[in-house]
There are 2 protein chains.
Amino acid sequence: MTGHVLGIVGATGAVGQKILKVIDERVKNIKALRLFASARSAGEKIAFRGRLIEVEDLEKASFNGIDYAFFSAGTEVSEKYAKRAVEQGAIVIDNTNAFRMHPDVPLIVPEVNFHAIKKHHKLIANPNCSTIQMICAIAPIHRVNPIKRIVVSTYQSVSGTGTEAIEALKSQSAQMLNDENPTVSVYPHAIAFNLIPQIDVFLPESGLYREEEKMVNETCKILESKIAVCPTTVRVPVFYGHSETVNIELTNEMSLAEVQNLLNKAEDVVLVDDPANSGYPTPLEIQDKDEVFVGRLRRDMTLPCGYNMWVVADNLRRGAATNAVKIYCKMCKMTENCK
Amino acid sequence: MTGHVLGIVGATGAVGQKILKVIDERVKNIKALRLFASARSAGEKIAFRGRLIEVEDLEKASFNGIDYAFFSAGTEVSEKYAKRAVEQGAIVIDNTNAFRMHPDVPLIVPEVNFHAIKKHHKLIANPNCSTIQMICAIAPIHRVNPIKRIVVSTYQSVSGTGTEAIEALKSQSAQMLNDENPTVSVYPHAIAFNLIPQIDVFLPESGLYREEEKMVNETCKILESKIAVCPTTVRVPVFYGHSETVNIELTNEMSLAEVQNLLNKAEDVVLVDDPANSGYPTPLEIQDKDEVFVGRLRRDMTLPCGYNMWVVADNLRRGAATNAVKIYCKMCKMTENCK
């Protein structure tokens with residue numbers, strides 16, 4: 001049987017489930033698929049291509065025989081088990097923050113910096129979701145006209161936190177529609193009909209939350225550039241899809257038509273930009289898509305080389321699962337085996 | 001009987017109702033209160049201080065005898081009736097976009113530029129809600145250390161659109177929680193669990209929506225400065241309260257402690273800024289307050305004189321009704337009559 005033995009760690013989580021779906025859509029032949037989760041979920045059976053696959057207890061499992069393992073069960077799990085998987089022979093594509101900034105771990109957006117994968121030691125990192133979609137939208141411009149500075153504000157959906165946050169938004173919303181006080185859980189404040197300008201833990205030295213620091217550091221690593229990134233990351237009451245207002249300052253003047261042309265030609269970037277007719281991407285409307293959607297592309301009148309854009313992508317797919325599976329497809333050069 | 005004869009045009013709308021409430025809270029003596037609306041709402045009776053006041057049909061009504069009239073029934077209504085009110089003897093405090101940029105109409109945030117009211121010709125404009133709260137947060141800094149450039153992204157609640165938008169968010173949210181497709185109304189896209197990067201009509205020349213242009217022009221007029229404002233305005237699924245990420249570039253370097261000190265001393269600005277303990281303002285938690293709340297105040301590491309902040313205010317009160325009633329209170333110097 002052709003293909004590889006693939007493993008998914010965190011198979012029952014929001015991203016793990018999407019990885020399973022994207023593998024099903026994109027990878028033609030698979031020798032075997034193994035699913036891992038915590039002891040709590042072990043024994044569950046998950047359907048894949050007409051078979052039921054039993055979820056294995058990660059703590060007790062061996063990675064012997066696995067060619068590629070996708071990790072998406074949180075930073076602590078990757079810290080604890082990813083190196084063991086590598087030692088047992090697997091190539092790990094890690095979706096957590098555990099190794100992204102390690103100098104010998106490539107941090108890959110396949111359309112942008114796949115060349116950097118050459119240096120891998122069987123461990124490859126998938127960037128943070130809010131970084132991936134921004135990078136996809138700006139890299140085609142940056143390649144031609146280097147970006148000096150970015151001011152980005154995010155509007156991030158709760159699915160980035162996980163299934164428990166999706167449930168919290170649902171139940172809090174129902175409570176508030178019934179004039180009840182929302183039961184605060186998962187986040188430090190209610191998220192239903194509210195906004196939370198905090199994602200991840202506080203870092204006193206920079207005054208940033210960790211999600212913001214990720215955008216600063218990962219952008220520089222992926223673009224191999226000392227680009228200045230000034231982010232504010234905000235959780236919004238949306239289930240799926242992250243959105244961002246991105247203000248960029250280019251090195252040289254460039255016409256709006258040229259910038260539009262660069263984005264139109266870019267791989268997997270879709271320009272939805274007809275503001276006179278309310279044409280722009282919204283998170284609800286791009287759900288389950290694999291592309292990065294850009295709208296509101298316009299000159300920033302306050303800078304000679306400034307542009308603004310509105311960038312939206314499905315955070316679980318484009319921002320996580322699809323990015324990881326695309327890394328796999330490009331790595332094994334199985335283009336005939338992958339869509 | 002002491003006090004003035006006051007009128008509210010658009011008395012049955014979201015802002016009109018808040019003006020009534022803020023007058024009740026802040027103005028001690030009122031000689032008489034008259035309420036106006038369209039023919040559709042005329043005849044309705046609204047309770048105020050133990051009496052029922054009948055809503056008059058604006059088209060047929062006279063403003064004779066009215067000392068101060070608050071207009072908040074939309075730009076077209078103000079364009080049609082505000083000058084008639086002035087001719088009939090009233091001083092008009094207009095909450096719409098009709099006259100804000102007219103050179104002989106003062107555009108007033110009472111805490112910031114009340115001196116500009118001297119030049120009024122019985123017509124005073126209340127700024128746009130998203131401008132007011134940003135101005136309150138930045139003016140205390142700008143006075144000491146002029147701001148050169150602002151990049152602002154807004155997160156604006158549906159109540160800014162009116163009561164029909166509040167109903168649309170409620171009904172669409174209920175539909176989606178029941179796995180039904182949302183019925184799109186009021187806005188060009190669904191707003192429940194979604195984001196709409198469009199507020200008001202498109203202006204092809206600048207590539208901005210009108211809400212964005214308002215922030216650009218009104219900021220310069222109020223601060224009497226050629227400050228460069230780069231805005232993106234976004235509607236979010238929140239009922240009450242607008243939020244903004246505000247990035248400012250100052251002329252001179254200034255320590256974070258100095259900036260904090262300026263905001264701590266500013267009238268009606270409240271610093272809620274304890275990020276290590278998830279302390280920052282959220283729209284749900286500042287509802288019905290009159291102050292402007294600032295959190296996430298921090299250096300922008302990408303600029304020598306840059307700062308970031310998160311600014312939240314109740315758009316119907318601080319961004320509209322309270323601003324208008326405060327203008328009235330300051331104008332008639334009835335401090336003993338107003339709280």
# chains A, B, ... in the order shown; residues from 1 in each chain; ligands from 1
>>> select_by_dssp(residues="range 74-224 of chain A", states="strand (DSSP E)", output="VMD selection string")
chain A and resid 91 to 94 123 to 125 147 to 155 202 to 203 208 to 209
>>> closest_atom_pairs(of="chain B", to="chain A", cutoff="8 Å", atoms="only C-alpha atoms", output="Markdown table")
| residue | atom | partner | partner_atom | distance |
| --- | --- | --- | --- | --- |
| B:Arg149 | CA | A:Thr302 | CA | 7.3 |
| B:Val151 | CA | A:Val151 | CA | 7.6 |
| B:Ser153 | CA | A:Ser153 | CA | 6.8 |
| B:Lys170 | CA | A:Leu177 | CA | 6.8 |
| B:Ser173 | CA | A:Ser173 | CA | 7.8 |
| B:Ala174 | CA | A:Ala174 | CA | 7.5 |
| B:Leu177 | CA | A:Lys170 | CA | 6.8 |
| B:Pro188 | CA | A:Ser278 | CA | 6.7 |
| B:Ala192 | CA | A:Val238 | CA | 7.9 |
| B:Phe193 | CA | A:Val238 | CA | 4.2 |
| B:Asn194 | CA | A:Leu284 | CA | 5.5 |
| B:Leu195 | CA | A:Thr282 | CA | 5.9 |
| B:Ile196 | CA | A:Thr282 | CA | 6.3 |
| B:Pro197 | CA | A:Tyr280 | CA | 7.6 |
| B:Gln198 | CA | A:Ser278 | CA | 7.3 |
| B:Val201 | CA | A:Ala276 | CA | 7.7 |
| B:Phe202 | CA | A:Ala276 | CA | 5.4 |
| B:Leu203 | CA | A:Ala276 | CA | 7.9 |
| B:Pro204 | CA | A:Ala276 | CA | 7.5 |
| B:Gly207 | CA | A:Arg298 | CA | 6.1 |
| B:Ala228 | CA | A:Thr302 | CA | 5.4 |
| B:Val229 | CA | A:Thr302 | CA | 6.7 |
| B:Cys230 | CA | A:Thr302 | CA | 6.4 |
| B:Thr232 | CA | A:Thr245 | CA | 7.1 |
| B:Val236 | CA | A:Val236 | CA | 7.9 |
| B:Pro237 | CA | A:Phe193 | CA | 5.8 |
| B:Val238 | CA | A:Phe193 | CA | 4.2 |
| B:Phe239 | CA | A:Phe193 | CA | 6.4 |
| B:Thr245 | CA | A:Ser153 | CA | 6.9 |
| B:Asn247 | CA | A:Val151 | CA | 8.0 |
| B:Pro275 | CA | A:Phe202 | CA | 6.5 |
| B:Ala276 | CA | A:Phe202 | CA | 5.4 |
| B:Ser278 | CA | A:Pro188 | CA | 6.7 |
| B:Tyr280 | CA | A:Pro197 | CA | 7.5 |
| B:Thr282 | CA | A:Leu195 | CA | 5.9 |
| B:Pro283 | CA | A:Asn194 | CA | 6.0 |
| B:Leu284 | CA | A:Asn194 | CA | 5.5 |
| B:Arg296 | CA | A:Pro197 | CA | 7.9 |
| B:Arg298 | CA | A:Gly207 | CA | 6.1 |
| B:Arg299 | CA | A:Gly207 | CA | 7.7 |
| B:Asp300 | CA | A:Cys230 | CA | 6.4 |
| B:Met301 | CA | A:Cys230 | CA | 7.1 |
| B:Thr302 | CA | A:Ala228 | CA | 5.4 |
| B:Trp310 | CA | A:Pro197 | CA | 7.8 |
>>> atom_distance(atom1="CA of Glu54 in chain A", atom2="CA of Ile66 in chain A")
15.8 Å
>>> atom_distance(atom1="CA of Asn323 in chain B", atom2="CA of Val105 in chain B")
16.0 Å
>>> select_by_dssp(residues="range 57-252 of chain B", states="alpha helix (DSSP H)", output="VMD selection string")
chain B and resid 75 to 87 110 to 113 129 to 142 163 to 177 210 to 223
>>> write_last_selection(atoms="C-alpha atoms", output="PDB file, in the first residue's frame")
ATOM      1  CA  THR B  75     -28.823  63.510   9.305  1.00  0.00           C
ATOM      2  CA  GLU B  76     -31.732  64.088   6.933  1.00  0.00           C
ATOM      3  CA  VAL B  77     -34.079  65.146   9.720  1.00  0.00           C
ATOM      4  CA  SER B  78     -31.512  67.596  11.074  1.00  0.00           C
ATOM      5  CA  GLU B  79     -30.879  68.994   7.602  1.00  0.00           C
ATOM      6  CA  LYS B  80     -34.603  69.565   7.199  1.00  0.00           C
ATOM      7  CA  TYR B  81     -35.630  70.837  10.655  1.00  0.00           C
ATOM      8  CA  ALA B  82     -32.632  72.118  12.662  1.00  0.00           C
ATOM      9  CA  LYS B  83     -32.498  75.499  10.929  1.00  0.00           C
ATOM     10  CA  ARG B  84     -36.244  75.955  11.423  1.00  0.00           C
ATOM     11  CA  ALA B  85     -35.744  75.266  15.130  1.00  0.00           C
ATOM     12  CA  VAL B  86     -32.997  77.907  15.251  1.00  0.00           C
ATOM     13  CA  GLU B  87     -35.185  80.440  13.380  1.00  0.00           C
ATOM     14  CA  PRO B 110     -17.012  69.534  26.475  1.00  0.00           C
ATOM     15  CA  GLU B 111     -13.903  68.284  28.302  1.00  0.00           C
ATOM     16  CA  VAL B 112     -11.652  68.972  25.315  1.00  0.00           C
ATOM     17  CA  ASN B 113     -12.591  72.066  23.293  1.00  0.00           C
ATOM     18  CA  CYS B 129     -19.472  58.511  18.765  1.00  0.00           C
ATOM     19  CA  SER B 130     -16.256  56.817  17.690  1.00  0.00           C
ATOM     20  CA  THR B 131     -14.520  60.205  17.457  1.00  0.00           C
ATOM     21  CA  ILE B 132     -15.661  61.398  20.892  1.00  0.00           C
ATOM     22  CA  GLN B 133     -14.215  58.510  22.843  1.00  0.00           C
ATOM     23  CA  MET B 134     -10.912  58.560  20.964  1.00  0.00           C
ATOM     24  CA  ILE B 135     -10.591  62.334  21.428  1.00  0.00           C
ATOM     25  CA  CYS B 136     -11.263  62.062  25.183  1.00  0.00           C
ATOM     26  CA  ALA B 137      -8.455  59.510  25.500  1.00  0.00           C
ATOM     27  CA  ILE B 138      -5.866  61.289  23.350  1.00  0.00           C
ATOM     28  CA  ALA B 139      -6.509  65.006  23.989  1.00  0.00           C
ATOM     29  CA  PRO B 140      -4.909  64.987  27.462  1.00  0.00           C
ATOM     30  CA  ILE B 141      -1.714  63.662  25.852  1.00  0.00           C
ATOM     31  CA  HIS B 142      -1.957  65.797  22.705  1.00  0.00           C
ATOM     32  CA  THR B 163     -32.931  49.951  17.865  1.00  0.00           C
ATOM     33  CA  GLU B 164     -33.630  47.981  14.660  1.00  0.00           C
ATOM     34  CA  ALA B 165     -29.992  46.812  14.625  1.00  0.00           C
ATOM     35  CA  ILE B 166     -30.236  45.696  18.251  1.00  0.00           C
ATOM     36  CA  GLU B 167     -33.260  43.615  17.273  1.00  0.00           C
ATOM     37  CA  ALA B 168     -31.438  42.222  14.225  1.00  0.00           C
ATOM     38  CA  LEU B 169     -28.466  41.087  16.338  1.00  0.00           C
ATOM     39  CA  LYS B 170     -30.834  39.460  18.839  1.00  0.00           C
ATOM     40  CA  SER B 171     -32.904  37.621  16.260  1.00  0.00           C
ATOM     41  CA  GLN B 172     -29.960  36.544  14.092  1.00  0.00           C
ATOM     42  CA  SER B 173     -28.110  35.269  17.181  1.00  0.00           C
ATOM     43  CA  ALA B 174     -31.139  33.228  18.253  1.00  0.00           C
ATOM     44  CA  GLN B 175     -31.463  31.793  14.743  1.00  0.00           C
ATOM     45  CA  MET B 176     -27.825  30.750  14.607  1.00  0.00           C
ATOM     46  CA  LEU B 177     -27.913  29.198  18.087  1.00  0.00           C
ATOM     47  CA  ARG B 210     -18.036  57.660   5.831  1.00  0.00           C
ATOM     48  CA  GLU B 211     -17.577  56.637   9.483  1.00  0.00           C
ATOM     49  CA  GLU B 212     -13.851  56.523   8.802  1.00  0.00           C
ATOM     50  CA  GLU B 213     -13.869  59.909   7.100  1.00  0.00           C
ATOM     51  CA  LYS B 214     -15.737  61.336  10.098  1.00  0.00           C
ATOM     52  CA  MET B 215     -12.941  60.194  12.407  1.00  0.00           C
ATOM     53  CA  VAL B 216     -10.321  61.787  10.132  1.00  0.00           C
ATOM     54  CA  ASN B 217     -12.058  65.154   9.731  1.00  0.00           C
ATOM     55  CA  GLU B 218     -13.663  65.565  13.147  1.00  0.00           C
ATOM     56  CA  THR B 219     -10.428  64.770  14.991  1.00  0.00           C
ATOM     57  CA  CYS B 220      -8.625  67.572  13.148  1.00  0.00           C
ATOM     58  CA  LYS B 221     -11.472  70.040  13.724  1.00  0.00           C
ATOM     59  CA  ILE B 222     -11.823  69.323  17.445  1.00  0.00           C
ATOM     60  CA  LEU B 223      -8.074  69.312  18.154  1.00  0.00           C
TER      61      LEU B 223
END
>>> decode(residues="range 37-69 of chain B", atoms="N, CA and C atoms", output="compact mmCIF listing (two decimals), in the first residue's frame")
# COMPACT_ATOMS: atom_id res chain seq x y z
N ALA B 37 -40.99 63.38 17.22
CA ALA B 37 -40.59 62.23 16.41
C ALA B 37 -41.37 62.28 15.10
N SER B 38 -41.19 61.27 14.29
CA SER B 38 -41.93 61.22 13.03
C SER B 38 -43.41 60.94 13.30
N ALA B 39 -44.22 61.14 12.27
CA ALA B 39 -45.66 60.96 12.40
C ALA B 39 -45.99 59.56 12.95
N ARG B 40 -45.15 58.59 12.55
CA ARG B 40 -45.37 57.20 12.98
C ARG B 40 -45.37 57.05 14.50
N SER B 41 -44.50 57.80 15.18
CA SER B 41 -44.39 57.69 16.64
C SER B 41 -45.19 58.77 17.37
N ALA B 42 -45.68 59.78 16.65
CA ALA B 42 -46.41 60.88 17.30
C ALA B 42 -47.63 60.33 18.02
N GLY B 43 -47.93 60.91 19.18
CA GLY B 43 -49.06 60.45 19.97
C GLY B 43 -48.65 59.48 21.06
N GLU B 44 -47.50 58.82 20.88
CA GLU B 44 -46.97 57.96 21.96
C GLU B 44 -46.77 58.80 23.21
N LYS B 45 -46.89 58.19 24.37
CA LYS B 45 -46.65 58.92 25.62
C LYS B 45 -45.43 58.34 26.32
N ILE B 46 -44.50 59.21 26.72
CA ILE B 46 -43.26 58.78 27.36
C ILE B 46 -43.21 59.36 28.77
N ALA B 47 -42.91 58.52 29.74
CA ALA B 47 -42.88 58.95 31.14
C ALA B 47 -41.59 59.73 31.43
N PHE B 48 -41.72 60.84 32.13
CA PHE B 48 -40.56 61.61 32.56
C PHE B 48 -40.89 62.30 33.88
N ARG B 49 -40.15 61.95 34.90
CA ARG B 49 -40.34 62.51 36.24
C ARG B 49 -41.81 62.51 36.67
N GLY B 50 -42.42 61.36 36.51
CA GLY B 50 -43.78 61.19 37.03
C GLY B 50 -44.89 61.71 36.14
N ARG B 51 -44.55 62.25 34.99
CA ARG B 51 -45.58 62.70 34.07
C ARG B 51 -45.47 61.96 32.75
N LEU B 52 -46.56 61.90 32.01
CA LEU B 52 -46.51 61.34 30.66
C LEU B 52 -46.46 62.50 29.68
N ILE B 53 -45.46 62.48 28.81
CA ILE B 53 -45.31 63.53 27.81
C ILE B 53 -45.67 62.94 26.45
N GLU B 54 -46.57 63.63 25.74
CA GLU B 54 -46.98 63.11 24.44
C GLU B 54 -45.97 63.51 23.38
N VAL B 55 -45.58 62.55 22.55
CA VAL B 55 -44.64 62.81 21.46
C VAL B 55 -45.36 63.57 20.36
N GLU B 56 -44.75 64.70 19.94
CA GLU B 56 -45.36 65.53 18.90
C GLU B 56 -44.83 65.15 17.52
N ASP B 57 -45.66 65.37 16.53
CA ASP B 57 -45.26 65.12 15.14
C ASP B 57 -44.32 66.25 14.70
N LEU B 58 -43.06 65.90 14.44
CA LEU B 58 -42.04 66.89 14.13
C LEU B 58 -42.45 67.77 12.95
N GLU B 59 -43.08 67.16 11.96
CA GLU B 59 -43.41 67.90 10.74
C GLU B 59 -44.37 69.05 11.03
N LYS B 60 -45.28 68.82 11.95
CA LYS B 60 -46.31 69.84 12.21
C LYS B 60 -45.94 70.77 13.36
N ALA B 61 -44.91 70.37 14.14
CA ALA B 61 -44.65 71.08 15.40
C ALA B 61 -43.93 72.41 15.18
N SER B 62 -44.09 73.31 16.13
CA SER B 62 -43.33 74.55 16.17
C SER B 62 -42.34 74.48 17.32
N PHE B 63 -41.19 75.13 17.13
CA PHE B 63 -40.18 75.17 18.19
C PHE B 63 -40.29 76.46 19.01
N ASN B 64 -41.32 77.25 18.75
CA ASN B 64 -41.49 78.49 19.52
C ASN B 64 -41.48 78.18 21.01
N GLY B 65 -40.69 78.95 21.75
CA GLY B 65 -40.66 78.77 23.20
C GLY B 65 -39.64 77.78 23.68
N ILE B 66 -39.06 77.02 22.78
CA ILE B 66 -38.03 76.05 23.19
C ILE B 66 -36.68 76.77 23.29
N ASP B 67 -36.00 76.59 24.43
CA ASP B 67 -34.68 77.21 24.61
C ASP B 67 -33.58 76.37 23.96
N TYR B 68 -33.59 75.06 24.24
CA TYR B 68 -32.55 74.17 23.72
C TYR B 68 -33.21 72.94 23.12
N ALA B 69 -32.82 72.61 21.90
CA ALA B 69 -33.37 71.41 21.26
C ALA B 69 -32.24 70.44 20.93
